[in-house]
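Visitor: After the structure tokens below, expect a handful of questions from me.
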Amino acid sequence: LTGSSLPNFATNIDVTQRRELLGVCLGIAPFNFPAMIPLWMFPLAISCGNTFILKPSELVPSASSRLAELSVDAGVPPGVFNIVHGRRRTVESLIAREEIKAVSFVGSTEVGTSVYTSATASGKRAQCNLGAKNHAVVMPDADPEQAAKQIVGAAFGASGQRCMALSTVVIVGDPAKVLDNLVKNAESLKVGIDDDADMGPVVTPRAKARVEELIRSGKAQGASIVLDGTKREHPEKGGNFIYPTIIDNVKTDMEVYKQEIFGPVLVCLRAKTLEDALELVNSNPYGNGAAIFTSSGSNARIFESEVKSGQVGINVPIPLGPPQLGFTGSAGSMLGDLPFYGQSGVQFFTKPKNVVSRWVDQDPSLSSTVIPISR
């Protein structure tokens, strides 16, 4: 499977590298994309010849059952794709099993770090996509209206509950027009559960309480709440709704900046120059994605070359490429050397085997102590 070969590498000698299956692989998926993220994992693992165990989030168990039904309809044999429900103890017991050879994880930094440490300590390979704090730098030469529209969609889509949410804006130069357009576009979003809603509730009452507490902490630490989504009450009383919130004058030592909020909150920081903005972005421990909005090719080239994030957008707020290129989050957003899906995903779910072959008529009584390919 996507191996390589070197025919006639030396006289009458061929070298082939093949990729072979690992065995049983484990996937641990979060609540926010209960179908998409498992689909990063098990189809590729199975295609590589492995069997797979999926441990979905206990908050969204039904989507995985539907994926299992579809896999059966597609002809996946019994016992190849399996689902185990549970919480922390379930995960720990699965990782401890000798039969598990590889672990894929998407979720919080705290849990993912524990999963990675446990898996690798027992000799398993692991890929863990963790938290994020994705930045957008808005340059003075950018169209403030177009930039704001794209940023608002990327910040508040899925109510900010995604690892590629664009949760932080760094405004270079005069912030007035950018902020005005951000507020205007955010206020126009429809919040609800109807088909035409732009964003829905956060996942649990506990998640709502955490987001609201972080918003309050921003104000207490000196930031300005220019759009307060906690002051509006949704008609669906009792739901976990938080309207879009924009916080300005944020500093890097504030909790709303340091933590991944995972809710509909956009924080705004200031920078005098592109160099200052790059220093700010690169000082953040996370590295999933970063974007710049500019009409200058020079600014774009400097940004894409110097920013440390693994996925970079030029006038694109969520810079995800096609599946064959993989998910290339980096720094504190990723543990493991091989990213999800694409060619790197094939490498993760397989192991290499080199085969060196000689096919030539020769006297069987002859022998040599020299490594064949060196002759």
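Labels for the structure tokens follow display order: chains A, B, ..., residues from 1 in each chain, ligands from 1.
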Contacts of Ile247 (chain A) at 7 Å or less, counting only C-alpha atoms, minus same-chain residues fewer than 4 places along, as a PyMOL selection string?

Guide: chain A and resi 223-227+266-268

Visitor: For Ala136 (chain A), find every residue with an atom within 8 Å (counting only C-alpha atoms), except residues of its own chain fewer than 4 positions away, and show them as an mmCIF file with C-alpha atoms, in the first residue's frame.

Guide:
```cif
data_model
loop_
_atom_site.group_PDB
_atom_site.id
_atom_site.type_symbol
_atom_site.label_atom_id
_atom_site.label_comp_id
_atom_site.auth_asym_id
_atom_site.auth_seq_id
_atom_site.Cartn_x
_atom_site.Cartn_y
_atom_site.Cartn_z
ATOM 1 C CA ILE A 151 -13.656 36.165 10.378
ATOM 2 C CA LEU A 166 -10.790 31.499 14.371
ATOM 3 C CA THR A 168 -8.399 35.541 17.949
ATOM 4 C CA VAL A 169 -7.949 38.646 15.799
ATOM 5 C CA VAL A 170 -4.785 40.726 15.771
ATOM 6 C CA ALA A 290 -3.254 31.154 11.405
ATOM 7 C CA ALA A 291 -4.465 33.542 8.709
ATOM 8 C CA ILE A 292 -3.649 36.963 7.354
ATOM 9 C CA PHE A 293 -5.987 39.364 5.592
ATOM 10 C CA PRO A 317 -9.975 32.163 7.572
#
```

Visitor: Can you pull out the residues contacting Leu59 (chain A)? Cut-off 12 Å, using only C-alpha atoms, and skip same-chain residues under 5 positions away; I want them as a PyMOL selection string.

Guide: chain A and resi 29-34+64+85-87+202-204

Visitor: Using N, CA, C and O atoms, can you export the residues from the last selection as an mmCIF file, in the first residue's frame?

Guide:
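As written to disk, again_39.cif reads:
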```
data_model
loop_
_atom_site.group_PDB
_atom_site.id
_atom_site.type_symbol
_atom_site.label_atom_id
_atom_site.label_comp_id
_atom_site.auth_asym_id
_atom_site.auth_seq_id
_atom_site.Cartn_x
_atom_site.Cartn_y
_atom_site.Cartn_z
ATOM 1 N N ALA A 29 -12.808 9.924 19.807
ATOM 2 C CA ALA A 29 -13.350 11.079 19.081
ATOM 3 C C ALA A 29 -14.098 12.027 20.014
ATOM 4 O O ALA A 29 -14.659 11.600 21.024
ATOM 5 N N PRO A 30 -14.143 13.320 19.673
ATOM 6 C CA PRO A 30 -14.819 14.312 20.503
ATOM 7 C C PRO A 30 -16.283 14.474 20.115
ATOM 8 O O PRO A 30 -16.768 13.837 19.163
ATOM 9 N N PHE A 31 -16.976 15.370 20.817
ATOM 10 C CA PHE A 31 -18.408 15.563 20.582
ATOM 11 C C PHE A 31 -18.705 16.436 19.376
ATOM 12 O O PHE A 31 -19.778 16.322 18.766
ATOM 13 N N ASN A 32 -17.782 17.342 19.007
ATOM 14 C CA ASN A 32 -18.172 18.428 18.104
ATOM 15 C C ASN A 32 -18.357 18.008 16.653
ATOM 16 O O ASN A 32 -19.145 18.619 15.926
ATOM 17 N N PHE A 33 -17.633 16.986 16.215
ATOM 18 C CA PHE A 33 -17.839 16.446 14.866
ATOM 19 C C PHE A 33 -17.972 14.930 14.990
ATOM 20 O O PHE A 33 -17.027 14.185 14.691
ATOM 21 N N PRO A 34 -19.128 14.437 15.425
ATOM 22 C CA PRO A 34 -19.271 13.014 15.768
ATOM 23 C C PRO A 34 -19.229 12.073 14.578
ATOM 24 O O PRO A 34 -19.074 10.868 14.764
ATOM 25 N N SER A 64 -22.077 7.477 15.982
ATOM 26 C CA SER A 64 -21.184 6.347 15.741
ATOM 27 C C SER A 64 -21.962 5.086 15.388
ATOM 28 O O SER A 64 -21.512 4.269 14.576
ATOM 29 N N HIS A 85 -18.493 2.230 24.043
ATOM 30 C CA HIS A 85 -18.891 3.463 24.716
ATOM 31 C C HIS A 85 -18.320 3.505 26.128
ATOM 32 O O HIS A 85 -18.074 2.460 26.756
ATOM 33 N N GLY A 86 -18.124 4.708 26.632
ATOM 34 C CA GLY A 86 -17.624 4.833 27.991
ATOM 35 C C GLY A 86 -16.956 6.168 28.223
ATOM 36 O O GLY A 86 -16.998 7.072 27.383
ATOM 37 N N ARG A 87 -16.303 6.275 29.380
ATOM 38 C CA ARG A 87 -15.628 7.503 29.767
ATOM 39 C C ARG A 87 -14.136 7.224 30.000
ATOM 40 O O ARG A 87 -13.544 6.393 29.303
ATOM 41 N N VAL A 202 -24.208 25.871 22.845
ATOM 42 C CA VAL A 202 -23.038 25.085 23.202
ATOM 43 C C VAL A 202 -23.518 23.759 23.771
ATOM 44 O O VAL A 202 -24.694 23.572 24.058
ATOM 45 N N VAL A 203 -22.601 22.821 23.962
ATOM 46 C CA VAL A 203 -22.996 21.426 24.087
ATOM 47 C C VAL A 203 -23.682 21.081 25.409
ATOM 48 O O VAL A 203 -24.592 20.241 25.425
ATOM 49 N N THR A 204 -23.292 21.697 26.532
ATOM 50 C CA THR A 204 -23.852 21.337 27.836
ATOM 51 C C THR A 204 -23.992 22.582 28.707
ATOM 52 O O THR A 204 -23.339 23.602 28.457
#
```

Visitor: Choose the residue, out of A:Leu44, A:Leu21, A:Val356, A:Val72, that has the smallest atom-to-atom separation from Gln324 (chain A); count only C-alpha atoms.

Guide: A:Leu44

Visitor: Nearest to Met164 (chain A): which of A:Trp359, A:Phe52, A:Phe9, A:Phe262 is it, counting only C-alpha atoms?

Guide: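 Smallest separation from Met164 (chain A) among the options: A:Phe262.
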
Visitor: What's around region 334-351 of chain A at 8 Å? Count only C-alpha atoms, leave out sequence neighbours fewer than 5 positions away in its own chain, and write the answer as a list in words.

Guide: Arg19, Glu20, Leu21, Leu22, Cys25, Trp40, Met41, Leu44, Ala45, Cys48, Asn50, Ala102, Thr113, Tyr116, Arg125, Ala126, Gln127, Cys128, Asn129, Leu130, Gly287, Asn288, Pro323, Gln324, Leu325, Gly326, Phe327, Thr328 and Gly329 of chain A

Visitor: Can you tell me, as a PDB file with C-alpha atoms, in the first residue's frame, what residues are no more than 12 Å from Thr252 (chain A) when counting only C-alpha atoms, ignoring any on the same chain fewer than 3 positions away?

Guide:
```pdb
ATOM      1  CA  LYS A 133      -5.976  29.283  19.607  1.00  0.00           C
ATOM      2  CA  THR A 168      -8.399  35.541  17.949  1.00  0.00           C
ATOM      3  CA  VAL A 170      -4.785  40.726  15.771  1.00  0.00           C
ATOM      4  CA  GLY A 218     -11.949  39.254  30.521  1.00  0.00           C
ATOM      5  CA  GLN A 221      -8.902  41.815  33.868  1.00  0.00           C
ATOM      6  CA  GLY A 222      -9.434  45.054  31.936  1.00  0.00           C
ATOM      7  CA  ALA A 223     -10.674  44.025  28.488  1.00  0.00           C
ATOM      8  CA  ASP A 248     -11.466  44.058  22.602  1.00  0.00           C
ATOM      9  CA  ASN A 249      -8.276  45.354  24.201  1.00  0.00           C
ATOM     10  CA  GLU A 255      -7.459  34.104  30.668  1.00  0.00           C
ATOM     11  CA  VAL A 256      -9.653  34.766  27.604  1.00  0.00           C
ATOM     12  CA  TYR A 257      -6.472  34.726  25.542  1.00  0.00           C
ATOM     13  CA  LYS A 258      -4.531  31.964  27.274  1.00  0.00           C
ATOM     14  CA  GLN A 259      -7.370  29.428  27.274  1.00  0.00           C
ATOM     15  CA  VAL A 267     -10.978  38.182  21.253  1.00  0.00           C
ATOM     16  CA  CYS A 268      -9.216  41.153  19.671  1.00  0.00           C
ATOM     17  CA  LEU A 269      -5.615  42.270  20.225  1.00  0.00           C
ATOM     18  CA  ARG A 270      -3.611  45.132  18.747  1.00  0.00           C
ATOM     19  CA  ALA A 271      -0.244  45.271  16.986  1.00  0.00           C
ATOM     20  CA  GLU A 279       5.787  37.760  17.269  1.00  0.00           C
ATOM     21  CA  LEU A 280       2.454  37.674  19.111  1.00  0.00           C
ATOM     22  CA  VAL A 281       1.099  34.767  17.056  1.00  0.00           C
ATOM     23  CA  SER A 283       4.517  33.258  21.046  1.00  0.00           C
ATOM     24  CA  ASN A 284       1.243  31.402  21.518  1.00  0.00           C
ATOM     25  CA  PRO A 285       1.850  27.759  22.470  1.00  0.00           C
TER      26      PRO A 285
END
```

Visitor: What is the distance, in Å and to one decimal place, between CA of Ile171 (chain A) and CA of Lys272 (chain A)?

Guide: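 Going from CA of Ile171 (chain A) over to CA of Lys272 (chain A), I get 8.3 Å.
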
Visitor: Nearest residue to Pro205 (chain A) out of A:Asn240, A:Ser309, A:Asn299, A:Ser57, using only C-alpha atoms?

Guide: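 Result for the nearest residue to Pro205 (chain A): A:Asn240.
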
Visitor: Near Ala68 (chain A), counting only C-alpha atoms, which residues have an atom at most 10 Å away, once you skip same-chain residues fewer than 6 positions from it, shown as a list in words?

Guide: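 Close residues of Ala68 (chain A): Leu54, Ala74, Val76, Phe81, Asn82 and Ile83 of chain A.
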
Visitor: Write out as a PyMOL selection string each polymer residue whose atoms come within 9 Å of region 187-193 of chain A, counting only C-alpha atoms; drop sequence neighbours fewer than 4 positions from it.

Guide: chain A and resi 156+182-183+197-201+227+234-236+241-244

Visitor: How would the residues just picked look written out with N, CA, C and O atoms as a PDB file, in the first residue's frame?

Guide:
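In the end it all went to result-v4.pdb:
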```
ATOM      1  N   PHE A 156     -17.612  32.080  14.718  1.00  0.00           N
ATOM      2  CA  PHE A 156     -18.865  31.720  15.386  1.00  0.00           C
ATOM      3  C   PHE A 156     -19.562  30.506  14.781  1.00  0.00           C
ATOM      4  O   PHE A 156     -20.536  30.013  15.351  1.00  0.00           O
ATOM      5  N   LEU A 182     -16.839  43.848  12.434  1.00  0.00           N
ATOM      6  CA  LEU A 182     -16.972  42.595  13.181  1.00  0.00           C
ATOM      7  C   LEU A 182     -18.257  42.587  13.993  1.00  0.00           C
ATOM      8  O   LEU A 182     -19.023  41.606  13.978  1.00  0.00           O
ATOM      9  N   VAL A 183     -18.532  43.674  14.691  1.00  0.00           N
ATOM     10  CA  VAL A 183     -19.746  43.762  15.513  1.00  0.00           C
ATOM     11  C   VAL A 183     -20.991  43.699  14.643  1.00  0.00           C
ATOM     12  O   VAL A 183     -21.955  42.976  14.949  1.00  0.00           O
ATOM     13  N   ALA A 197     -30.624  28.621  10.963  1.00  0.00           N
ATOM     14  CA  ALA A 197     -29.802  29.234  12.012  1.00  0.00           C
ATOM     15  C   ALA A 197     -28.333  29.222  11.612  1.00  0.00           C
ATOM     16  O   ALA A 197     -27.847  28.286  10.972  1.00  0.00           O
ATOM     17  N   ASP A 198     -27.619  30.264  11.998  1.00  0.00           N
ATOM     18  CA  ASP A 198     -26.183  30.349  11.732  1.00  0.00           C
ATOM     19  C   ASP A 198     -25.372  29.637  12.807  1.00  0.00           C
ATOM     20  O   ASP A 198     -24.271  29.164  12.527  1.00  0.00           O
ATOM     21  N   MET A 199     -25.882  29.596  14.015  1.00  0.00           N
ATOM     22  CA  MET A 199     -25.193  28.907  15.102  1.00  0.00           C
ATOM     23  C   MET A 199     -26.198  28.457  16.143  1.00  0.00           C
ATOM     24  O   MET A 199     -27.258  29.059  16.295  1.00  0.00           O
ATOM     25  N   GLY A 200     -25.867  27.373  16.834  1.00  0.00           N
ATOM     26  CA  GLY A 200     -26.769  26.816  17.825  1.00  0.00           C
ATOM     27  C   GLY A 200     -26.230  26.992  19.233  1.00  0.00           C
ATOM     28  O   GLY A 200     -25.379  27.855  19.477  1.00  0.00           O
ATOM     29  N   PRO A 201     -26.684  26.173  20.159  1.00  0.00           N
ATOM     30  CA  PRO A 201     -26.215  26.272  21.542  1.00  0.00           C
ATOM     31  C   PRO A 201     -24.856  25.611  21.707  1.00  0.00           C
ATOM     32  O   PRO A 201     -24.396  24.875  20.827  1.00  0.00           O
ATOM     33  N   LEU A 227     -19.293  43.465  22.381  1.00  0.00           N
ATOM     34  CA  LEU A 227     -20.546  42.766  22.054  1.00  0.00           C
ATOM     35  C   LEU A 227     -20.698  41.645  23.063  1.00  0.00           C
ATOM     36  O   LEU A 227     -19.914  40.699  23.072  1.00  0.00           O
ATOM     37  N   HIS A 234     -32.322  33.767  24.773  1.00  0.00           N
ATOM     38  CA  HIS A 234     -32.920  33.117  23.602  1.00  0.00           C
ATOM     39  C   HIS A 234     -34.349  32.701  23.916  1.00  0.00           C
ATOM     40  O   HIS A 234     -34.664  32.325  25.049  1.00  0.00           O
ATOM     41  N   PRO A 235     -35.222  32.781  22.901  1.00  0.00           N
ATOM     42  CA  PRO A 235     -36.617  32.353  23.128  1.00  0.00           C
ATOM     43  C   PRO A 235     -36.743  30.919  23.627  1.00  0.00           C
ATOM     44  O   PRO A 235     -37.678  30.592  24.357  1.00  0.00           O
ATOM     45  N   GLU A 236     -35.814  30.040  23.220  1.00  0.00           N
ATOM     46  CA  GLU A 236     -35.818  28.657  23.705  1.00  0.00           C
ATOM     47  C   GLU A 236     -35.215  28.637  25.113  1.00  0.00           C
ATOM     48  O   GLU A 236     -34.073  28.260  25.332  1.00  0.00           O
ATOM     49  N   PHE A 241     -27.733  28.454  25.113  1.00  0.00           N
ATOM     50  CA  PHE A 241     -27.432  29.447  24.082  1.00  0.00           C
ATOM     51  C   PHE A 241     -26.572  30.571  24.632  1.00  0.00           C
ATOM     52  O   PHE A 241     -26.829  31.108  25.704  1.00  0.00           O
ATOM     53  N   ILE A 242     -25.543  30.928  23.870  1.00  0.00           N
ATOM     54  CA  ILE A 242     -24.764  32.133  24.112  1.00  0.00           C
ATOM     55  C   ILE A 242     -24.647  32.853  22.767  1.00  0.00           C
ATOM     56  O   ILE A 242     -24.231  32.255  21.770  1.00  0.00           O
ATOM     57  N   TYR A 243     -25.037  34.101  22.735  1.00  0.00           N
ATOM     58  CA  TYR A 243     -24.948  34.867  21.499  1.00  0.00           C
ATOM     59  C   TYR A 243     -23.491  35.270  21.239  1.00  0.00           C
ATOM     60  O   TYR A 243     -22.653  35.255  22.153  1.00  0.00           O
ATOM     61  N   PRO A 244     -23.170  35.630  19.986  1.00  0.00           N
ATOM     62  CA  PRO A 244     -21.799  36.021  19.670  1.00  0.00           C
ATOM     63  C   PRO A 244     -21.278  37.117  20.594  1.00  0.00           C
ATOM     64  O   PRO A 244     -21.978  38.087  20.883  1.00  0.00           O
TER      65      PRO A 244
END
```

Visitor: Using DSSP assignments from the backbone, pull out every residue in region 51-247 of chain A that falls under strand (DSSP E) and give it to me as a PyMOL selection string.

Guide: chain A and resi 51-55+81-83+100-106+125-129+135-138+168-172+224-227+245-247

Visitor: CA of Met254 (chain A) and CA of Val115 (chain A) are how many Å apart?

Guide: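 We find that CA of Met254 (chain A) and CA of Val115 (chain A) lie 28.1 Å from each other.
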
Visitor: Could you pull out all residues of region 220-276 of chain A with a DSSP call of helix (DSSP H, G or I) and give them as a list in words?

Guide: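 Result set for region 220-276 of chain A (helix (DSSP H, G or I)): Ala220, Gly229, Thr230, Lys231, Glu255, Val256, Tyr257, Lys258, Leu274, Glu275 and Asp276 of chain A.
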
Visitor: Compare A:Val138, A:Leu1, A:Ile261, A:Leu320 by their minimum atom-to-atom distance to Gln161 (chain A), counting only C-alpha atoms, and give me the closest one.

Guide: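 The answer is A:Ile261, which sits nearest to Gln161 (chain A).
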
Visitor: Would you mind telling me which residue in A:Ala132, A:Leu274, A:Ile37, A:Val80 lies nearest to Gly310 (chain A) when using only C-alpha atoms?

Guide: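 Of A:Ala132, A:Leu274, A:Ile37, A:Val80, the one nearest Gly310 (chain A), counting only C-alpha atoms, is A:Ala132.
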